[in-house]
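Structure file run_18.txt (compact mmCIF, C-alpha atoms and all ligand atoms) is printed below.
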```txt
# COMPACT_ATOMS: atom_id res chain seq x y z
CA MET A 1 0.00 0.00 0.00
CA THR A 2 1.43 3.35 -0.99
CA ASP A 3 -0.35 5.51 1.57
CA SER A 4 -0.89 4.87 5.23
CA ALA A 5 -4.63 5.61 5.39
CA PRO A 6 -6.46 3.30 7.80
CA LEU A 7 -8.58 0.68 6.06
CA ALA A 8 -12.10 -0.29 7.04
CA ALA A 9 -14.61 -2.76 5.69
CA LEU A 10 -18.30 -2.00 6.10
CA VAL A 11 -20.52 -5.02 5.47
CA VAL A 12 -24.16 -4.30 4.78
CA ALA A 13 -26.16 -7.18 6.25
CA ALA A 14 -29.39 -5.53 7.35
CA GLY A 15 -31.55 -6.56 4.39
CA ARG A 16 -34.43 -8.99 4.59
CA GLY A 17 -33.54 -10.84 1.39
CA THR A 18 -37.13 -10.82 0.24
CA ARG A 19 -36.38 -12.15 -3.24
CA LEU A 20 -35.18 -15.46 -1.83
CA GLY A 21 -38.26 -15.87 0.32
CA GLY A 22 -38.34 -18.04 3.41
CA PRO A 23 -38.01 -16.96 7.01
CA VAL A 24 -34.21 -16.60 7.02
CA PRO A 25 -32.59 -13.56 5.32
CA LYS A 26 -30.21 -14.65 2.59
CA GLN A 27 -27.09 -13.50 4.44
CA TYR A 28 -27.91 -16.05 7.14
CA ARG A 29 -28.81 -18.91 4.80
CA ARG A 30 -26.25 -21.70 4.96
CA VAL A 31 -23.64 -22.57 2.39
CA ALA A 32 -21.35 -25.51 3.12
CA GLY A 33 -22.90 -25.62 6.60
CA ARG A 34 -22.15 -22.02 7.56
CA PRO A 35 -24.08 -18.76 7.16
CA VAL A 36 -23.34 -16.76 4.01
CA LEU A 37 -22.27 -13.86 6.25
CA THR A 38 -19.65 -16.04 7.92
CA HIS A 39 -18.09 -16.75 4.53
CA THR A 40 -18.24 -13.05 3.63
CA LEU A 41 -16.55 -12.00 6.85
CA GLU A 42 -13.96 -14.75 6.67
CA HIS A 43 -12.87 -13.50 3.26
CA LEU A 44 -12.57 -9.96 4.64
CA ILE A 45 -10.64 -10.76 7.81
CA ARG A 46 -8.36 -13.50 6.50
CA PRO A 47 -5.95 -11.18 4.61
CA ALA A 48 -5.51 -9.05 7.79
CA LEU A 49 -5.94 -5.98 5.61
CA PHE A 50 -8.48 -3.96 7.57
CA ASP A 51 -8.06 -1.93 10.75
CA ARG A 52 -11.84 -2.08 11.28
CA VAL A 53 -14.53 -4.48 10.13
CA LEU A 54 -18.07 -3.36 10.93
CA VAL A 55 -21.26 -5.20 10.04
CA VAL A 56 -24.54 -3.33 9.76
CA ILE A 57 -27.28 -5.71 10.88
CA HIS A 58 -31.05 -5.68 11.17
CA PRO A 59 -32.21 -5.11 14.76
CA ASP A 60 -34.01 -8.47 14.67
CA ASP A 61 -30.89 -10.37 13.59
CA GLY A 62 -28.76 -10.04 16.72
CA ALA A 63 -28.78 -13.73 17.53
CA ALA A 64 -28.21 -14.81 13.92
CA PHE A 65 -25.32 -12.37 13.62
CA ALA A 66 -23.79 -13.54 16.89
CA GLU A 67 -23.91 -17.13 15.64
CA ALA A 68 -22.39 -16.22 12.25
CA ALA A 69 -19.62 -14.19 13.88
CA ALA A 70 -18.88 -16.76 16.59
CA LEU A 71 -17.84 -19.25 13.89
CA LEU A 72 -14.95 -16.94 13.03
CA GLY A 73 -13.42 -17.19 16.47
CA ARG A 74 -12.94 -13.48 16.93
CA GLN A 75 -14.97 -10.44 17.83
CA ILE A 76 -16.68 -8.69 14.92
CA ALA A 77 -18.24 -5.28 15.55
CA SER A 78 -21.80 -4.60 14.48
CA CYS A 79 -24.25 -1.73 14.51
CA PRO A 80 -27.98 -1.55 13.77
CA GLY A 81 -29.07 -0.64 10.26
CA GLY A 82 -31.99 1.37 9.00
CA ALA A 83 -35.08 0.88 6.89
CA SER A 84 -33.25 0.88 3.56
CA ARG A 85 -29.83 -0.15 2.33
CA GLN A 86 -28.93 3.51 1.92
CA ASP A 87 -29.89 4.22 5.53
CA SER A 88 -27.94 1.21 6.71
CA VAL A 89 -24.79 2.28 4.89
CA ARG A 90 -25.04 5.79 6.30
CA LEU A 91 -25.50 4.50 9.83
CA GLY A 92 -22.52 2.22 9.36
CA LEU A 93 -20.37 5.08 8.08
CA GLU A 94 -21.44 7.22 11.03
CA ALA A 95 -20.48 4.39 13.38
CA LEU A 96 -17.08 4.02 11.72
CA ALA A 97 -16.46 7.78 11.97
CA ALA A 98 -17.46 7.64 15.63
CA THR A 99 -14.65 5.15 16.27
CA GLY A 100 -12.18 7.90 15.40
CA LEU A 101 -11.34 6.91 11.86
CA PRO A 102 -10.05 9.99 9.99
CA ASP A 103 -11.74 11.38 6.87
CA HIS A 104 -8.98 10.06 4.63
CA ALA A 105 -9.51 6.48 5.85
CA ILE A 106 -10.45 4.14 3.04
CA VAL A 107 -13.69 2.26 3.54
CA LEU A 108 -14.83 -0.66 1.42
CA ILE A 109 -18.60 -0.97 1.41
CA HIS A 110 -19.55 -4.56 0.70
CA ASP A 111 -22.74 -6.59 0.36
CA ALA A 112 -23.07 -9.39 2.90
CA ALA A 113 -24.57 -11.52 0.12
CA ARG A 114 -21.33 -11.53 -1.90
CA PRO A 115 -19.40 -14.08 0.15
CA PHE A 116 -16.31 -14.63 -1.99
CA ALA A 117 -14.23 -11.44 -2.12
CA SER A 118 -10.71 -12.58 -2.92
CA GLU A 119 -7.68 -10.91 -1.40
CA ALA A 120 -6.74 -9.80 -4.92
CA VAL A 121 -10.05 -7.98 -5.36
CA LEU A 122 -9.74 -6.34 -1.94
CA MET A 123 -6.25 -5.14 -2.81
CA ARG A 124 -7.47 -3.77 -6.15
CA ALA A 125 -10.26 -1.93 -4.31
CA VAL A 126 -7.86 -0.31 -1.85
CA LEU A 127 -5.39 0.68 -4.56
CA ALA A 128 -8.20 2.10 -6.70
CA ALA A 129 -9.45 4.15 -3.76
CA GLN A 130 -5.97 5.50 -3.17
CA ARG A 131 -5.76 6.48 -6.81
CA HIS A 132 -9.28 7.71 -7.54
CA GLY A 133 -10.78 8.52 -4.14
CA ALA A 134 -13.79 6.39 -4.99
CA ALA A 135 -13.92 3.28 -7.16
CA ILE A 136 -16.18 0.39 -8.14
CA PRO A 137 -15.44 -3.17 -9.22
CA VAL A 138 -16.80 -3.79 -12.70
CA LEU A 139 -17.17 -6.66 -15.12
CA PRO A 140 -17.63 -6.43 -18.88
CA VAL A 141 -21.04 -7.32 -20.25
CA PRO A 142 -20.56 -10.42 -22.38
CA ASP A 143 -24.00 -10.48 -23.99
CA THR A 144 -25.78 -8.11 -26.30
CA LEU A 145 -27.96 -5.64 -24.42
CA ALA A 146 -31.50 -4.85 -25.43
CA VAL A 147 -33.93 -2.09 -24.58
CA LEU A 148 -37.53 -3.26 -24.74
CA ASP A 149 -40.62 -1.15 -25.12
CA GLU A 150 -43.67 -1.61 -22.93
CA ALA A 151 -44.96 -4.36 -25.21
CA GLY A 152 -41.72 -6.27 -24.77
CA HIS A 153 -40.53 -5.52 -28.30
CA LEU A 154 -36.96 -4.66 -29.12
CA ALA A 155 -36.53 -0.90 -29.05
CA GLY A 156 -32.77 -0.63 -29.33
CA ASN A 157 -29.37 -2.04 -28.48
CA PRO A 158 -27.15 -0.03 -26.13
CA ASP A 159 -23.46 -0.31 -26.87
CA ARG A 160 -22.28 -3.01 -24.49
CA ASN A 161 -18.69 -1.77 -24.75
CA SER A 162 -19.61 1.36 -22.80
CA VAL A 163 -21.50 -0.38 -19.99
CA ARG A 164 -20.31 -2.60 -17.16
CA LEU A 165 -21.77 -4.80 -14.45
CA VAL A 166 -21.12 -3.25 -11.04
CA GLN A 167 -20.28 -5.30 -7.96
CA THR A 168 -19.13 -4.62 -4.41
CA PRO A 169 -16.88 -3.94 -2.52
CA GLN A 170 -17.04 -0.30 -3.56
CA ALA A 171 -14.18 1.79 -2.20
CA PHE A 172 -14.31 5.34 -0.85
CA ARG A 173 -12.59 7.82 1.42
CA LEU A 174 -14.62 7.91 4.61
CA GLY A 175 -15.08 11.68 4.84
CA PRO A 176 -16.44 12.33 1.36
CA ILE A 177 -18.74 9.29 1.20
CA LEU A 178 -20.19 10.05 4.65
CA ALA A 179 -20.72 13.69 3.63
CA ALA A 180 -22.52 12.57 0.46
CA HIS A 181 -24.79 10.25 2.46
CA ARG A 182 -25.60 13.04 4.91
CA CYS A 183 -26.51 15.32 2.00
CA ALA A 184 -28.76 12.65 0.50
CA LEU A 185 -30.47 12.25 3.88
CA ALA A 186 -30.93 16.00 4.26
CA GLU A 187 -32.40 16.25 0.77
CA GLY A 188 -34.59 13.18 1.20
CA ARG A 189 -33.06 11.51 -1.84
CA THR A 190 -33.53 7.74 -1.88
CA ASP A 191 -33.19 7.07 -5.60
CA PHE A 192 -29.67 5.63 -5.55
CA THR A 193 -29.06 2.00 -6.39
CA ASP A 194 -25.62 1.94 -4.81
CA ASP A 195 -23.09 4.07 -2.96
CA ALA A 196 -21.07 4.92 -6.07
CA GLY A 197 -24.17 6.38 -7.69
CA LEU A 198 -24.80 8.42 -4.57
CA ALA A 199 -21.18 9.59 -4.43
CA ALA A 200 -21.27 10.59 -8.10
CA ALA A 201 -24.53 12.49 -7.59
CA TYR A 202 -22.75 14.64 -5.01
CA GLY A 203 -19.83 15.41 -7.23
CA GLN A 204 -17.30 12.68 -6.50
CA ALA A 205 -15.35 11.20 -9.35
CA VAL A 206 -15.71 7.43 -9.24
CA GLY A 207 -13.05 5.26 -10.83
CA SER A 208 -13.25 1.57 -11.55
CA PHE A 209 -11.22 -1.58 -11.13
CA ALA A 210 -11.53 -5.15 -12.31
CA GLY A 211 -14.24 -7.08 -10.51
CA ASP A 212 -14.33 -10.83 -10.18
CA GLY A 213 -16.83 -13.49 -11.27
CA ALA A 214 -16.53 -15.01 -7.79
CA LEU A 215 -18.07 -11.82 -6.36
CA PHE A 216 -21.49 -12.94 -7.55
CA LYS A 217 -24.38 -11.91 -5.34
CA ILE A 218 -26.64 -14.43 -3.67
CA THR A 219 -30.10 -13.38 -4.68
CA ARG A 220 -31.94 -16.52 -5.76
CA GLU A 221 -31.96 -20.17 -4.75
CA GLU A 222 -29.70 -21.09 -7.66
CA ASP A 223 -27.12 -18.61 -6.34
CA LEU A 224 -26.98 -20.61 -3.10
CA GLU A 225 -26.32 -23.72 -5.19
CA ARG A 226 -23.61 -21.86 -7.11
CA ALA A 227 -22.04 -20.87 -3.80
CA GLU A 228 -22.06 -24.52 -2.71
CA ARG A 229 -20.33 -25.48 -5.94
CA HIS A 230 -17.82 -22.64 -5.48
CA LEU A 231 -16.82 -24.12 -2.12
CA ALA A 232 -16.91 -27.77 -3.17
CA PRO A 233 -13.46 -29.32 -3.07
CA GLN A 234 -11.92 -29.56 -6.50
CA ALA A 235 -11.45 -33.04 -7.87
CA GLU A 236 -7.91 -34.27 -7.70
CA THR A 237 -6.20 -37.35 -9.03
CA ARG A 238 -3.63 -39.23 -7.01
CA THR A 239 -1.33 -42.03 -8.10
CA GLY A 240 0.09 -44.78 -5.90
CA LEU A 241 2.92 -47.19 -6.61
CA GLY A 242 3.49 -50.74 -5.42
CA TYR A 243 6.20 -53.37 -5.84
CA ASP A 244 6.49 -56.88 -4.44
CA VAL A 245 8.63 -60.01 -4.79
CA HIS A 246 8.13 -63.59 -3.68
CA ALA A 247 10.64 -66.43 -4.01
CA PHE A 248 9.86 -69.84 -5.46
CA THR A 249 9.71 -72.95 -3.32
CA GLU A 250 8.44 -76.49 -3.73
CA GLY A 251 4.85 -76.63 -4.98
CA ASP A 252 2.56 -77.03 -7.95
CA HIS A 253 0.82 -73.67 -8.49
CA VAL A 254 1.33 -69.93 -7.99
CA TRP A 255 -1.21 -67.27 -7.07
CA LEU A 256 -1.07 -64.28 -9.44
CA GLY A 257 -3.71 -61.60 -9.61
CA GLY A 258 -6.02 -63.69 -7.46
CA VAL A 259 -5.85 -66.63 -9.87
CA ALA A 260 -4.26 -70.00 -9.09
CA ILE A 261 -2.01 -70.90 -12.01
CA PRO A 262 -0.60 -74.44 -12.28
CA HIS A 263 3.20 -74.35 -12.22
CA THR A 264 6.19 -76.50 -11.34
CA ARG A 265 6.73 -74.53 -8.13
CA LYS A 266 4.87 -72.21 -5.80
CA LEU A 267 5.71 -68.86 -4.26
CA LEU A 268 6.84 -68.68 -0.65
CA GLY A 269 4.95 -66.40 1.67
CA HIS A 270 2.87 -66.12 4.79
CA SER A 271 -0.35 -65.50 2.89
CA ASP A 272 -1.02 -66.93 -0.57
CA ALA A 273 2.10 -65.02 -1.70
CA ASP A 274 0.42 -63.27 -4.63
CA PRO A 275 2.97 -60.59 -5.64
CA LEU A 276 0.60 -58.93 -8.10
CA LEU A 277 -2.16 -58.35 -5.55
CA HIS A 278 0.40 -57.32 -2.93
CA ALA A 279 1.90 -54.71 -5.26
CA LEU A 280 -1.58 -53.51 -6.16
CA THR A 281 -2.60 -53.29 -2.49
CA ASP A 282 0.46 -51.14 -1.78
CA ALA A 283 -0.34 -48.94 -4.81
CA LEU A 284 -3.83 -48.25 -3.42
CA LEU A 285 -2.48 -47.55 0.07
CA GLY A 286 0.01 -45.17 -1.57
CA THR A 287 -2.81 -42.92 -2.81
CA ILE A 288 -3.90 -42.21 0.76
CA GLY A 289 -0.53 -42.27 2.47
CA ASP A 290 -1.72 -45.13 4.66
CA GLY A 291 1.39 -47.23 5.16
CA ASP A 292 1.84 -50.52 3.36
CA ILE A 293 0.50 -54.05 3.31
CA GLY A 294 3.04 -55.28 5.86
CA GLN A 295 1.83 -52.68 8.36
CA HIS A 296 -1.84 -53.60 8.05
CA PHE A 297 -1.33 -57.37 7.67
CA PRO A 298 1.92 -58.25 9.45
CA PRO A 299 3.42 -61.64 8.49
CA SER A 300 3.73 -62.31 12.22
CA ASP A 301 -0.06 -62.38 12.58
CA PRO A 302 -1.33 -65.97 12.34
CA ARG A 303 -4.69 -64.71 11.08
CA TRP A 304 -3.15 -64.06 7.66
CA LYS A 305 -1.45 -67.46 7.29
CA GLY A 306 -2.51 -68.74 3.89
CA ALA A 307 -4.98 -65.89 3.52
CA PRO A 308 -6.24 -65.08 0.02
CA SER A 309 -4.62 -61.78 -0.95
CA ARG A 310 -7.85 -60.44 -2.36
CA LEU A 311 -8.74 -59.76 1.28
CA PHE A 312 -5.78 -57.37 1.50
CA LEU A 313 -6.78 -55.69 -1.75
CA ALA A 314 -10.38 -55.33 -0.56
CA ASP A 315 -9.17 -53.79 2.71
CA ALA A 316 -7.04 -51.23 0.85
CA ALA A 317 -10.00 -50.43 -1.43
CA ARG A 318 -12.17 -49.88 1.65
CA ARG A 319 -9.58 -47.53 3.15
CA VAL A 320 -9.45 -45.54 -0.11
CA ALA A 321 -13.24 -45.35 -0.30
CA GLU A 322 -13.51 -44.22 3.34
CA ARG A 323 -11.28 -41.27 2.48
CA GLY A 324 -13.52 -40.32 -0.43
CA GLY A 325 -11.41 -41.92 -3.16
CA ARG A 326 -12.82 -43.51 -6.30
CA VAL A 327 -10.49 -45.88 -8.10
CA VAL A 328 -10.17 -44.78 -11.72
CA SER A 329 -7.81 -47.45 -13.02
CA VAL A 330 -4.96 -49.72 -11.99
CA ASP A 331 -2.09 -51.08 -14.02
CA CYS A 332 0.17 -53.99 -13.14
CA THR A 333 3.22 -55.66 -14.61
CA VAL A 334 4.35 -59.16 -13.64
CA LEU A 335 8.06 -59.90 -14.01
CA ALA A 336 8.51 -63.65 -14.44
CA GLU A 337 10.15 -66.14 -16.78
CA ALA A 338 7.20 -68.47 -16.16
CA PRO A 339 4.34 -69.20 -15.90
CA LYS A 340 2.67 -67.36 -18.76
CA VAL A 341 0.21 -64.69 -17.63
CA GLY A 342 -1.61 -64.15 -20.93
CA PRO A 343 -4.01 -67.10 -20.66
CA HIS A 344 -5.14 -65.87 -17.22
CA ARG A 345 -5.28 -62.13 -17.92
CA ALA A 346 -9.04 -61.93 -18.37
CA ALA A 347 -9.69 -63.83 -15.14
CA MET A 348 -7.33 -61.51 -13.22
CA GLN A 349 -8.96 -58.40 -14.73
CA ALA A 350 -12.41 -59.68 -13.78
CA LEU A 351 -11.41 -60.55 -10.22
CA ILE A 352 -9.50 -57.33 -9.51
CA GLY A 353 -12.21 -55.25 -11.19
CA GLU A 354 -14.81 -56.90 -8.98
CA VAL A 355 -12.84 -56.21 -5.79
CA LEU A 356 -12.18 -52.58 -6.77
CA GLY A 357 -15.60 -51.90 -8.26
CA ILE A 358 -14.26 -50.96 -11.70
CA PRO A 359 -14.78 -52.57 -15.11
CA PRO A 360 -12.13 -55.03 -16.32
CA GLU A 361 -10.90 -52.64 -19.03
CA ARG A 362 -9.66 -50.36 -16.23
CA VAL A 363 -7.43 -53.12 -14.91
CA GLY A 364 -4.15 -53.36 -16.79
CA ILE A 365 -2.37 -56.73 -16.53
CA LYS A 366 0.93 -57.06 -18.33
CA ALA A 367 3.83 -59.45 -18.07
CA THR A 368 7.44 -59.50 -19.10
CA THR A 369 10.37 -61.83 -18.67
CA SER A 370 13.64 -60.48 -17.39
CA GLU A 371 15.67 -61.86 -20.34
CA LYS A 372 17.31 -64.40 -18.00
CA LEU A 373 18.86 -61.53 -16.03
CA GLY A 374 18.76 -61.13 -12.27
CA PHE A 375 16.71 -63.13 -9.78
CA VAL A 376 13.68 -63.11 -12.04
CA GLY A 377 15.80 -64.19 -14.98
CA ARG A 378 17.25 -67.04 -12.94
CA SER A 379 13.66 -68.09 -12.06
CA GLU A 380 14.28 -67.61 -8.35
CA GLY A 381 11.04 -65.75 -7.87
CA ILE A 382 8.36 -63.48 -9.32
CA ALA A 383 8.15 -59.70 -8.99
CA ALA A 384 5.21 -57.42 -9.68
CA MET A 385 4.75 -53.68 -10.03
CA ALA A 386 1.51 -51.77 -9.89
CA VAL A 387 0.16 -48.24 -10.10
CA ALA A 388 -3.26 -47.11 -8.97
CA THR A 389 -5.02 -43.94 -10.12
CA VAL A 390 -7.63 -42.65 -7.69
CA MET A 391 -9.91 -39.59 -7.91
CA PHE A 392 -10.77 -37.62 -4.77
CA GLY A 393 -13.39 -34.92 -4.38
CA GLY A 394 -15.32 -33.18 -7.10
CA GLY A 395 -18.74 -34.49 -6.05
MG MG B 401 4.20 -59.84 -0.69
```

Produce structure tokens that represent the structure in this file.
Ligand code: MG
Amino acid sequence: MTDSAPLAALVVAAGRGTRLGGPVPKQYRRVAGRPVLTHTLEHLIRPALFDRVLVVIHPDDGAAFAEAAALLGRQIASCPGGASRQDSVRLGLEALAATGLPDHAIVLIHDAARPFASEAVLMRAVLAAQRHGAAIPVLPVPDTLAVLDEAGHLAGNPDRNSVRLVQTPQAFRLGPILAAHRCALAEGRTDFTDDAGLAAAYGQAVGSFAGDGALFKITREEDLERAERHLAPQAETRTGLGYDVHAFTEGDHVWLGGVAIPHTRKLLGHSDADPLLHALTDALLGTIGDGDIGQHFPPSDPRWKGAPSRLFLADAARRVAERGGRVVSVDCTVLAEAPKVGPHRAAMQALIGEVLGIPPERVGIKATTSEKLGFVGRSEGIAAMAVATVMFGGG
């Protein structure tokens, strides 16, 4: 900030929200479980920008305001509003002046029903006030504008390039905007749709700065739904990795991907020693940072002796689901000289897909030899690698 003027935010929350209907004014309706006003105030106080935050409330809303403010964990000042928005703003400005704020203090006047003022918008408002004295956030009008006659017929098209949508917060110097409001009161003028219009009517130059689509006003039911969507966690994709090895021992079949495959030996392990399902289980656990298979199913636990490894996979899938994850796909590679995986691929895809709740085409099963190199190449054991892709959030 280039000048040291104190900064204040004045939140106008005294309206009845009649367009939304219902017994609760829109600023106290809930979005993501909290009143709209709580969201509005949180956005104002979080950047620690303002020396004062004052909320103008309806005299009947004391309890609702106290509840909304209590959720913020700090004291928020309020004062009673008047019969109209214009009255409420004036009373709020008078209350701010009464706290000793100087005339050159910058005050942002903001609608309680615009809950999502970003720090960037607030900074633009303050800078614009420093530069212009008074300033409004504006958005371009994307659509063609029409003027209709009384019969609803097209009577003309205003040039949309010269008009803007006006939002709040609107920024002013305290002294001049309070003086303008006092003049309007003295003259009985109530024809202003916002504070910038009032300021301009009493001779103040009003600049503009870039508004923000997220500053939308909650007026109708669908705006509450939009606010819910605005706060919904964004979908994110996470990837987990798994790797496992089991050595051969005497036997006549191996477990791979949940399928028993006849072979000249078996794999040694506490459970059924299925390296593919073990790698896949670790890959799933990797997407939620929840340890590994050995932590959840220790080889020292007799309960898991000879256990089918699909139980481990199902447990990892449950843990992922409990954290809100949805498995998108998994991909596995078996490293073995023998047995051949190809003839059993479809059965493995079906079984793993069933455990994970995904169609078989989202289960990749691949196999490679190790070209006679290393422990796999010497047929001392079988290794498996797996990745899991899991989506979280996003409704
Ligand atoms: Mg293992």

So, counting all atoms listed in the file, which residue among A:Ile288, A:Leu267, A:Leu91, A:Ile358 is closest to ligand MG 401 (chain B)?
A:Leu267

Could you give me the residues within 10 Å of ligand MG 401 (chain B), counting all atoms listed in the file, as a ChimeraX atom specification?
/A:243-247,267-279,281-282,293-294,299,309,383-384

Quick one: of A:Glu187, A:Arg124, A:Phe192, A:Leu313, who's nearest to Glu354 (chain A), counting only C-alpha atoms?
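Checking each candidate against Glu354 (chain A), we get A:Leu313 as the closest.
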
d(CA of Gly100 (chain A), CA of Leu71 (chain A)) in Å:
27.8 Å

Rounded to one decimal, what separation in Å do you get between CA of Arg46 (chain A) and CA of Pro6 (chain A)?
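Between these atoms lies a distance of 17.0 Å.
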
One number please: CA of Phe375 (chain A) to CA of Ala338 (chain A), in Å, one decimal.
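Atom-to-atom, CA of Phe375 (chain A) to CA of Ala338 (chain A), that is 12.6 Å.
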
So that I can check the surroundings of Ala386 (chain A), please list as a ChimeraX atom specification every protein, DNA and RNA residue that reaches within 8 Å of it, counting all atoms listed in the file and ignoring chain neighbours fewer than 6 positions away.
/A:241-243,276,279-280,283,330-333

Here is a test: counting only C-alpha atoms, which residue of A:Ile365, A:Leu373, A:Leu93, A:Val126 is nearest to Gly342 (chain A)?
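Nearest to Gly342 (chain A): A:Ile365.
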
Pick from A:Gln130, A:Gln295, A:Thr144, A:Ser78 nearest to Gly156 (chain A), counting all atoms listed in the file:
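Ranked by minimum distance to Gly156 (chain A), first place goes to A:Thr144.
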
Between A:Ile109, A:Val341, A:Ala98, A:Ala146, smallest distance to Gly258 (chain A) by all atoms listed in the file belongs to A:Val341
